[in-house]
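Enquirer: This is the structure I have questions about; it appears just below.
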Amino acid sequence: MTTETRALELRVRVRPKAGIVRSGLLILLIVPLPIFGSLALLSTQNGPWPYAAIGEALCLLLCSLGFALFRRVFVGVTSISIEERGLLGRHTSHPTADVATIVLAHTFGASSADTLPQLIVRNRAGTRILRMRGLFWTEDSMLAVANAIGEEVQVEKEPMSTAEFFARYPGSAYWFENRRGLTIAALAVALLVCVGVVLGLMRLLGLPIGS
């Protein structure tokens with residue numbers, strides 16, 4: 001059965017929170033646009049301002065690509081399978097007959113008293129088939145998927161920390177979770193790349209970098 005055929009038979013199809021797109025657009029307005037706009041303004045009279053325009057165009061192109069990929073993300077359920085397409089376009093399919101347990105829990109954030117829902121679908125061996133995180137999915141969309149699968153949903157009555165959730169349901173964490181060092185390193189690399197891009201553009205535009 002092809003992906004297109006399965007898509008036509010989806011009984012439930014949910015997408016990530018729409019607020020994620022609004023947050024991304026807000027970040028775009030707050031960070032890249034003012035930086036590139038300022039560089040272009042400062043270099044209009046005595047610098048090669050097209051470099052700033054090209055940088056802004058590339059930034060907008062990357063954002064547009066990210067938005068297009070985000071629009072393709074979904075979780076769906078057919079009469080025989082659970083379908084999922086991730087941000088990078090990877091499409092996975094698991095038979096609903098393999099589902100043994102569905103758990104809905106609420107976990108605390110890293111530095112907040114607020115909780116987020118977590119839906120975990122596992123097979124008889126305890127392997128994760130599907131996990132939907134409240135950071136990206138609403139609780140209503142989680143319940144819609146769970147109800148379409150047809151198995152009884154076990155609801156954890158008391159909120160728990162993320163560490164407790166992973167300990168109670170081993171194998172639920174993605175490879176990048178519970179790795180504080182990796183998170184810090186990724187943020188540091190992202191920051192260095194941004195600073196490097198800005199400094200590079202300033203040099204191309206002939207703007208002073210130091211005092």
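Each chain of the structure tokens is named A, B, ... in the order shown, its residues numbered from 1; ligands are numbered from 1 in display order.
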I'd like a table as CSV: residues in region 44-144 of chain A with an atom no more than 12 Å from region 151-173 of chain A, each row giving the shortest atom pair and its distance in Å to one decimal, only C-alpha atoms counted, sorted by chain and rising residue number.

Expert:
```
residue,atom,partner,partner_atom,distance
A:Thr96,CA,A:Glu151,CA,9.1
A:Ala97,CA,A:Glu151,CA,9.8
A:Asp98,CA,A:Glu151,CA,10.8
A:Val99,CA,A:Glu151,CA,7.6
A:Ala100,CA,A:Glu151,CA,7.7
A:Thr101,CA,A:Glu151,CA,7.1
A:Ile102,CA,A:Val153,CA,5.1
A:Val103,CA,A:Gln154,CA,4.7
A:Leu104,CA,A:Val155,CA,4.8
A:Ala105,CA,A:Glu156,CA,5.0
A:His106,CA,A:Pro159,CA,4.9
A:Thr107,CA,A:Met160,CA,4.9
A:Phe108,CA,A:Ser161,CA,5.1
A:Gly109,CA,A:Thr162,CA,7.5
A:Ala110,CA,A:Thr162,CA,8.0
A:Ser111,CA,A:Ser161,CA,10.7
A:Ser112,CA,A:Ser161,CA,10.6
A:Ala113,CA,A:Ser161,CA,10.1
A:Asp114,CA,A:Pro159,CA,9.8
A:Thr115,CA,A:Pro159,CA,7.2
A:Leu116,CA,A:Pro159,CA,9.0
A:Pro117,CA,A:Pro159,CA,9.1
A:Gln118,CA,A:Phe165,CA,9.1
A:Leu119,CA,A:Val153,CA,9.3
A:Ile120,CA,A:Ser172,CA,7.2
A:Val121,CA,A:Ser172,CA,9.1
A:Arg122,CA,A:Ser172,CA,8.7
A:Asn123,CA,A:Gly171,CA,11.4
A:Ala125,CA,A:Gly171,CA,10.6
A:Gly126,CA,A:Gly171,CA,7.7
A:Thr127,CA,A:Gly171,CA,6.4
A:Arg128,CA,A:Ser172,CA,5.8
A:Ile129,CA,A:Ser172,CA,9.1
A:Leu130,CA,A:Ser172,CA,8.8
A:Arg131,CA,A:Ser172,CA,7.3
A:Met132,CA,A:Ser172,CA,10.3
A:Arg133,CA,A:Ala173,CA,10.6
A:Met142,CA,A:Val153,CA,10.5
A:Leu143,CA,A:Val153,CA,8.5
A:Ala144,CA,A:Val153,CA,11.1
```

Enquirer: Save the residues we just selected, N, CA, C and O atoms, as a compact mmCIF listing (two decimals), in the first residue's frame?

Expert:
```
# COMPACT_ATOMS: atom_id res chain seq x y z
N THR A 96 -1.65 -1.10 13.84
CA THR A 96 -2.36 -0.88 15.10
C THR A 96 -2.47 -2.19 15.89
O THR A 96 -2.63 -2.16 17.11
N ALA A 97 -2.35 -3.31 15.19
CA ALA A 97 -2.42 -4.60 15.88
C ALA A 97 -1.24 -4.80 16.83
O ALA A 97 -1.32 -5.61 17.76
N ASP A 98 -0.14 -4.05 16.63
CA ASP A 98 1.04 -4.17 17.49
C ASP A 98 0.88 -3.38 18.80
O ASP A 98 1.70 -3.54 19.71
N VAL A 99 -0.12 -2.52 18.87
CA VAL A 99 -0.28 -1.66 20.05
C VAL A 99 -0.73 -2.48 21.25
O VAL A 99 -1.70 -3.23 21.19
N ALA A 100 0.02 -2.32 22.35
CA ALA A 100 -0.34 -3.01 23.59
C ALA A 100 -0.84 -2.04 24.65
O ALA A 100 -1.81 -2.32 25.35
N THR A 101 -0.19 -0.88 24.78
CA THR A 101 -0.60 0.09 25.79
C THR A 101 -0.53 1.51 25.23
O THR A 101 0.33 1.82 24.41
N ILE A 102 -1.46 2.33 25.71
CA ILE A 102 -1.45 3.76 25.40
C ILE A 102 -1.56 4.49 26.74
O ILE A 102 -2.48 4.25 27.52
N VAL A 103 -0.60 5.36 26.99
CA VAL A 103 -0.55 6.07 28.27
C VAL A 103 -0.57 7.58 28.02
O VAL A 103 0.15 8.08 27.16
N LEU A 104 -1.42 8.27 28.79
CA LEU A 104 -1.44 9.72 28.77
C LEU A 104 -0.98 10.22 30.14
O LEU A 104 -1.58 9.89 31.16
N ALA A 105 0.09 10.97 30.16
CA ALA A 105 0.64 11.50 31.41
C ALA A 105 0.89 12.99 31.25
O ALA A 105 0.89 13.53 30.15
N HIS A 106 1.09 13.65 32.39
CA HIS A 106 1.44 15.07 32.39
C HIS A 106 2.77 15.23 33.11
O HIS A 106 2.95 14.72 34.22
N THR A 107 3.70 15.90 32.46
CA THR A 107 5.04 16.06 33.03
C THR A 107 5.34 17.53 33.25
O THR A 107 4.88 18.40 32.50
N PHE A 108 6.15 17.79 34.27
CA PHE A 108 6.57 19.16 34.57
C PHE A 108 7.67 19.59 33.61
O PHE A 108 8.49 18.78 33.17
N GLY A 109 7.68 20.89 33.28
CA GLY A 109 8.75 21.43 32.45
C GLY A 109 10.05 21.51 33.24
O GLY A 109 10.07 21.33 34.47
N ALA A 110 11.14 21.80 32.55
CA ALA A 110 12.45 21.83 33.18
C ALA A 110 12.54 22.89 34.26
O ALA A 110 13.17 22.70 35.30
N SER A 111 11.92 24.05 34.03
CA SER A 111 12.01 25.14 35.00
C SER A 111 10.67 25.81 35.20
O SER A 111 10.58 27.03 35.32
N SER A 112 9.61 25.01 35.24
CA SER A 112 8.27 25.57 35.37
C SER A 112 7.39 24.62 36.16
O SER A 112 7.58 23.40 36.13
N ALA A 113 6.41 25.22 36.84
CA ALA A 113 5.45 24.39 37.58
C ALA A 113 4.32 23.92 36.67
O ALA A 113 3.51 23.07 37.07
N ASP A 114 4.25 24.48 35.47
CA ASP A 114 3.23 24.06 34.52
C ASP A 114 3.55 22.67 33.98
O ASP A 114 4.71 22.26 33.93
N THR A 115 2.53 21.96 33.58
CA THR A 115 2.72 20.61 33.04
C THR A 115 2.32 20.56 31.57
O THR A 115 1.53 21.38 31.10
N LEU A 116 2.87 19.59 30.88
CA LEU A 116 2.54 19.35 29.49
C LEU A 116 2.12 17.89 29.34
O LEU A 116 2.67 17.00 29.99
N PRO A 117 1.12 17.61 28.48
CA PRO A 117 0.71 16.22 28.27
C PRO A 117 1.73 15.44 27.46
O PRO A 117 2.47 16.01 26.65
N GLN A 118 1.77 14.16 27.70
CA GLN A 118 2.63 13.24 26.94
C GLN A 118 1.81 12.01 26.61
O GLN A 118 1.21 11.39 27.51
N LEU A 119 1.75 11.65 25.35
CA LEU A 119 1.08 10.42 24.95
C LEU A 119 2.13 9.45 24.45
O LEU A 119 2.93 9.78 23.57
N ILE A 120 2.14 8.26 25.02
CA ILE A 120 3.10 7.24 24.60
C ILE A 120 2.34 5.98 24.20
O ILE A 120 1.47 5.50 24.94
N VAL A 121 2.65 5.48 23.01
CA VAL A 121 2.04 4.25 22.49
C VAL A 121 3.14 3.21 22.37
O VAL A 121 4.16 3.46 21.71
N ARG A 122 2.95 2.05 23.01
CA ARG A 122 4.01 1.02 23.03
C ARG A 122 3.45 -0.33 22.61
O ARG A 122 2.25 -0.61 22.75
N ASN A 123 4.36 -1.19 22.14
CA ASN A 123 3.95 -2.54 21.77
C ASN A 123 4.14 -3.49 22.95
O ASN A 123 4.48 -3.06 24.05
N ALA A 125 6.40 -5.54 23.65
CA ALA A 125 7.78 -5.61 24.15
C ALA A 125 8.16 -4.33 24.89
O ALA A 125 9.28 -4.24 25.41
N GLY A 126 7.26 -3.36 24.95
CA GLY A 126 7.55 -2.10 25.63
C GLY A 126 8.26 -1.09 24.76
O GLY A 126 8.70 -0.05 25.24
N THR A 127 8.39 -1.38 23.46
CA THR A 127 9.06 -0.47 22.54
C THR A 127 8.12 0.66 22.13
O THR A 127 6.93 0.43 21.89
N ARG A 128 8.66 1.86 22.05
CA ARG A 128 7.86 3.01 21.66
C ARG A 128 7.45 2.92 20.19
O ARG A 128 8.29 2.79 19.30
N ILE A 129 6.16 2.98 19.94
CA ILE A 129 5.64 3.06 18.58
C ILE A 129 5.40 4.52 18.19
O ILE A 129 5.71 4.94 17.09
N LEU A 130 4.86 5.26 19.15
CA LEU A 130 4.54 6.66 18.89
C LEU A 130 4.61 7.43 20.21
O LEU A 130 4.20 6.92 21.26
N ARG A 131 5.13 8.63 20.13
CA ARG A 131 5.08 9.53 21.28
C ARG A 131 4.73 10.92 20.81
O ARG A 131 5.34 11.43 19.86
N MET A 132 3.75 11.51 21.44
CA MET A 132 3.32 12.87 21.11
C MET A 132 3.56 13.74 22.34
O MET A 132 3.05 13.45 23.42
N ARG A 133 4.34 14.80 22.16
CA ARG A 133 4.71 15.68 23.27
C ARG A 133 3.87 16.95 23.26
O ARG A 133 3.60 17.52 22.20
N MET A 142 -3.97 14.40 20.84
CA MET A 142 -3.48 13.14 21.38
C MET A 142 -4.64 12.17 21.62
O MET A 142 -4.58 10.98 21.27
N LEU A 143 -5.71 12.68 22.23
CA LEU A 143 -6.86 11.83 22.53
C LEU A 143 -7.56 11.37 21.26
O LEU A 143 -8.07 10.25 21.19
N ALA A 144 -7.57 12.24 20.24
CA ALA A 144 -8.17 11.85 18.97
C ALA A 144 -7.42 10.67 18.35
O ALA A 144 -8.02 9.72 17.85
```

Enquirer: Record the distance separating CA of Gly66 (chain A) and CA of Ser81 (chain A), expressed in Å with one decimal.

Expert: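 These two atoms are separated by 27.4 Å.
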
Enquirer: Have a look at A:Pro95, A:Cys59, A:Trp137, A:Ile54 and name the one nearest to Ile80 (chain A); count only C-alpha atoms.

Expert: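 Closest candidate: A:Pro95.
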
Enquirer: Give the helix (DSSP H, G or I) residues of region 57-93 of chain A, as DSSP finds them on the backbone, and put them as a PyMOL selection string.

Expert: chain A and resi 57-71

Enquirer: Per residue of region 55-123 of chain A within 9 Å of region 12-18 of chain A, which atom pair is closest and at what distance in Å (one decimal), using only C-alpha atoms, listed by chain and increasing number, as JSON lines?

Expert:
```
{"residue": "A:Phe70", "atom": "CA", "partner": "A:Pro16", "partner_atom": "CA", "distance": 8.3}
{"residue": "A:Arg71", "atom": "CA", "partner": "A:Arg15", "partner_atom": "CA", "distance": 8.0}
{"residue": "A:Arg72", "atom": "CA", "partner": "A:Arg15", "partner_atom": "CA", "distance": 8.5}
{"residue": "A:Val73", "atom": "CA", "partner": "A:Arg15", "partner_atom": "CA", "distance": 6.4}
{"residue": "A:Phe74", "atom": "CA", "partner": "A:Arg15", "partner_atom": "CA", "distance": 4.7}
{"residue": "A:Val75", "atom": "CA", "partner": "A:Val14", "partner_atom": "CA", "distance": 5.5}
{"residue": "A:Gly76", "atom": "CA", "partner": "A:Arg13", "partner_atom": "CA", "distance": 4.2}
{"residue": "A:Val77", "atom": "CA", "partner": "A:Val12", "partner_atom": "CA", "distance": 5.3}
{"residue": "A:Thr78", "atom": "CA", "partner": "A:Val12", "partner_atom": "CA", "distance": 7.2}
{"residue": "A:Glu83", "atom": "CA", "partner": "A:Arg13", "partner_atom": "CA", "distance": 8.9}
```

Enquirer: If you keep all heavy atoms, can you produce a file of those selected residues as a PDB file, in the first residue's frame?

Expert:
```pdb
ATOM      1  N   PHE A  70       7.319  21.916   8.038  1.00  0.00           N
ATOM      2  CA  PHE A  70       6.426  21.854   9.196  1.00  0.00           C
ATOM      3  C   PHE A  70       4.991  21.542   8.768  1.00  0.00           C
ATOM      4  O   PHE A  70       4.285  20.794   9.446  1.00  0.00           O
ATOM      5  CB  PHE A  70       6.479  23.188   9.945  1.00  0.00           C
ATOM      6  CG  PHE A  70       5.551  23.260  11.131  1.00  0.00           C
ATOM      7  CD1 PHE A  70       5.906  22.696  12.349  1.00  0.00           C
ATOM      8  CD2 PHE A  70       4.319  23.895  11.018  1.00  0.00           C
ATOM      9  CE1 PHE A  70       5.040  22.748  13.432  1.00  0.00           C
ATOM     10  CE2 PHE A  70       3.457  23.955  12.089  1.00  0.00           C
ATOM     11  CZ  PHE A  70       3.814  23.385  13.309  1.00  0.00           C
ATOM     12  N   ARG A  71       4.569  22.102   7.643  1.00  0.00           N
ATOM     13  CA  ARG A  71       3.205  21.887   7.171  1.00  0.00           C
ATOM     14  C   ARG A  71       2.953  20.437   6.769  1.00  0.00           C
ATOM     15  O   ARG A  71       1.812  20.003   6.691  1.00  0.00           O
ATOM     16  CB  ARG A  71       2.929  22.796   5.970  1.00  0.00           C
ATOM     17  CG  ARG A  71       2.809  24.266   6.323  1.00  0.00           C
ATOM     18  CD  ARG A  71       1.538  24.545   7.093  1.00  0.00           C
ATOM     19  NE  ARG A  71       0.359  24.222   6.308  1.00  0.00           N
ATOM     20  CZ  ARG A  71      -0.863  24.104   6.814  1.00  0.00           C
ATOM     21  NH1 ARG A  71      -1.049  24.282   8.113  1.00  0.00           N
ATOM     22  NH2 ARG A  71      -1.888  23.824   6.044  1.00  0.00           N
ATOM     23  N   ARG A  72       4.022  19.682   6.526  1.00  0.00           N
ATOM     24  CA  ARG A  72       3.869  18.285   6.124  1.00  0.00           C
ATOM     25  C   ARG A  72       3.838  17.327   7.316  1.00  0.00           C
ATOM     26  O   ARG A  72       3.560  16.142   7.162  1.00  0.00           O
ATOM     27  CB  ARG A  72       5.019  17.894   5.188  1.00  0.00           C
ATOM     28  CG  ARG A  72       4.937  18.536   3.821  1.00  0.00           C
ATOM     29  CD  ARG A  72       6.211  18.335   3.014  1.00  0.00           C
ATOM     30  NE  ARG A  72       6.587  16.935   2.883  1.00  0.00           N
ATOM     31  CZ  ARG A  72       6.089  16.093   1.985  1.00  0.00           C
ATOM     32  NH1 ARG A  72       5.186  16.526   1.117  1.00  0.00           N
ATOM     33  NH2 ARG A  72       6.494  14.847   1.928  1.00  0.00           N
ATOM     34  N   VAL A  73       4.125  17.837   8.507  1.00  0.00           N
ATOM     35  CA  VAL A  73       4.147  16.994   9.707  1.00  0.00           C
ATOM     36  C   VAL A  73       2.721  16.606  10.096  1.00  0.00           C
ATOM     37  O   VAL A  73       1.829  17.456  10.134  1.00  0.00           O
ATOM     38  CB  VAL A  73       4.832  17.727  10.869  1.00  0.00           C
ATOM     39  CG1 VAL A  73       4.741  16.900  12.157  1.00  0.00           C
ATOM     40  CG2 VAL A  73       6.287  18.020  10.532  1.00  0.00           C
ATOM     41  N   PHE A  74       2.517  15.325  10.379  1.00  0.00           N
ATOM     42  CA  PHE A  74       1.199  14.892  10.844  1.00  0.00           C
ATOM     43  C   PHE A  74       1.311  13.534  11.540  1.00  0.00           C
ATOM     44  O   PHE A  74       2.294  12.807  11.398  1.00  0.00           O
ATOM     45  CB  PHE A  74       0.206  14.794   9.676  1.00  0.00           C
ATOM     46  CG  PHE A  74       0.382  13.553   8.822  1.00  0.00           C
ATOM     47  CD1 PHE A  74      -0.320  12.383   9.089  1.00  0.00           C
ATOM     48  CD2 PHE A  74       1.266  13.560   7.751  1.00  0.00           C
ATOM     49  CE1 PHE A  74      -0.156  11.253   8.304  1.00  0.00           C
ATOM     50  CE2 PHE A  74       1.441  12.429   6.971  1.00  0.00           C
ATOM     51  CZ  PHE A  74       0.724  11.269   7.247  1.00  0.00           C
ATOM     52  N   VAL A  75       0.292  13.224  12.302  1.00  0.00           N
ATOM     53  CA  VAL A  75       0.085  11.883  12.839  1.00  0.00           C
ATOM     54  C   VAL A  75      -1.322  11.469  12.435  1.00  0.00           C
ATOM     55  O   VAL A  75      -2.276  12.251  12.593  1.00  0.00           O
ATOM     56  CB  VAL A  75       0.227  11.839  14.368  1.00  0.00           C
ATOM     57  CG1 VAL A  75      -0.203  10.467  14.906  1.00  0.00           C
ATOM     58  CG2 VAL A  75       1.657  12.126  14.793  1.00  0.00           C
ATOM     59  N   GLY A  76      -1.457  10.296  11.884  1.00  0.00           N
ATOM     60  CA  GLY A  76      -2.766   9.825  11.444  1.00  0.00           C
ATOM     61  C   GLY A  76      -2.973   8.356  11.781  1.00  0.00           C
ATOM     62  O   GLY A  76      -2.008   7.629  12.060  1.00  0.00           O
ATOM     63  N   VAL A  77      -4.223   7.952  11.755  1.00  0.00           N
ATOM     64  CA  VAL A  77      -4.574   6.563  12.052  1.00  0.00           C
ATOM     65  C   VAL A  77      -5.536   6.055  10.980  1.00  0.00           C
ATOM     66  O   VAL A  77      -6.541   6.709  10.684  1.00  0.00           O
ATOM     67  CB  VAL A  77      -5.242   6.433  13.435  1.00  0.00           C
ATOM     68  CG1 VAL A  77      -5.563   4.958  13.741  1.00  0.00           C
ATOM     69  CG2 VAL A  77      -4.346   7.012  14.528  1.00  0.00           C
ATOM     70  N   THR A  78      -5.187   4.926  10.371  1.00  0.00           N
ATOM     71  CA  THR A  78      -6.087   4.256   9.443  1.00  0.00           C
ATOM     72  C   THR A  78      -6.736   3.092  10.182  1.00  0.00           C
ATOM     73  O   THR A  78      -6.548   2.919  11.380  1.00  0.00           O
ATOM     74  CB  THR A  78      -5.331   3.731   8.211  1.00  0.00           C
ATOM     75  OG1 THR A  78      -4.554   2.583   8.592  1.00  0.00           O
ATOM     76  CG2 THR A  78      -4.388   4.787   7.637  1.00  0.00           C
ATOM     77  N   GLU A  83       0.184   6.221  11.168  1.00  0.00           N
ATOM     78  CA  GLU A  83       1.064   6.890  10.209  1.00  0.00           C
ATOM     79  C   GLU A  83       1.636   8.156  10.838  1.00  0.00           C
ATOM     80  O   GLU A  83       0.917   8.911  11.484  1.00  0.00           O
ATOM     81  CB  GLU A  83       0.291   7.253   8.934  1.00  0.00           C
ATOM     82  CG  GLU A  83      -0.457   6.091   8.291  1.00  0.00           C
ATOM     83  CD  GLU A  83       0.464   5.051   7.712  1.00  0.00           C
ATOM     84  OE1 GLU A  83       1.551   5.432   7.229  1.00  0.00           O
ATOM     85  OE2 GLU A  83       0.116   3.854   7.736  1.00  0.00           O
TER      86      GLU A  83
END
```

Enquirer: Closest to Leu135 (chain A) among A:Ala148, A:Leu10, A:Ile20, A:Val189, using only C-alpha atoms?

Expert: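 Checking each candidate against Leu135 (chain A), we get A:Ile20 as the closest.
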
Enquirer: Please compute the CA of Arg11 (chain A)-CA of Val145 (chain A) distance, one decimal, in Å.

Expert: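 Distance between the two atoms: 9.3 Å.
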
Enquirer: Among region 83-147 of chain A, which ones does DSSP place in strand (DSSP E or B), written as a compact mmCIF listing (two decimals) with C-alpha atoms, in the first residue's frame?

Expert:
```txt
# COMPACT_ATOMS: atom_id res chain seq x y z
CA GLU A 83 1.06 6.89 10.21
CA GLU A 84 3.56 9.58 11.17
CA ARG A 85 5.59 12.08 9.14
CA HIS A 91 7.36 8.70 7.10
CA THR A 92 6.81 5.75 9.45
CA SER A 93 3.97 3.27 9.66
CA HIS A 94 3.12 0.83 12.45
CA PRO A 95 0.28 -1.71 12.49
CA VAL A 99 -0.28 -1.66 20.05
CA ALA A 100 -0.34 -3.01 23.59
CA THR A 101 -0.60 0.09 25.79
CA ILE A 102 -1.45 3.76 25.40
CA VAL A 103 -0.55 6.07 28.27
CA LEU A 104 -1.44 9.72 28.77
CA ALA A 105 0.64 11.50 31.41
CA HIS A 106 1.44 15.07 32.39
CA THR A 107 5.04 16.06 33.03
CA PHE A 108 6.57 19.16 34.57
CA THR A 115 2.72 20.61 33.04
CA LEU A 116 2.54 19.35 29.49
CA PRO A 117 0.71 16.22 28.27
CA GLN A 118 2.63 13.24 26.94
CA LEU A 119 1.08 10.42 24.95
CA ILE A 120 3.10 7.24 24.60
CA VAL A 121 2.04 4.25 22.49
CA ARG A 122 4.01 1.02 23.03
CA ASN A 123 3.95 -2.54 21.77
CA ARG A 128 7.86 3.01 21.66
CA ILE A 129 5.64 3.06 18.58
CA LEU A 130 4.54 6.66 18.89
CA ARG A 131 5.08 9.53 21.28
CA MET A 132 3.32 12.87 21.11
CA ARG A 133 4.71 15.68 23.27
```

Enquirer: Could you work out how far CA of Trp175 (chain A) lies from CA of Arg124 (chain A), giving the answer in Å with one decimal?

Expert: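 About the pair CA of Arg124 (chain A) and CA of Trp175 (chain A): they are 21.3 Å apart.
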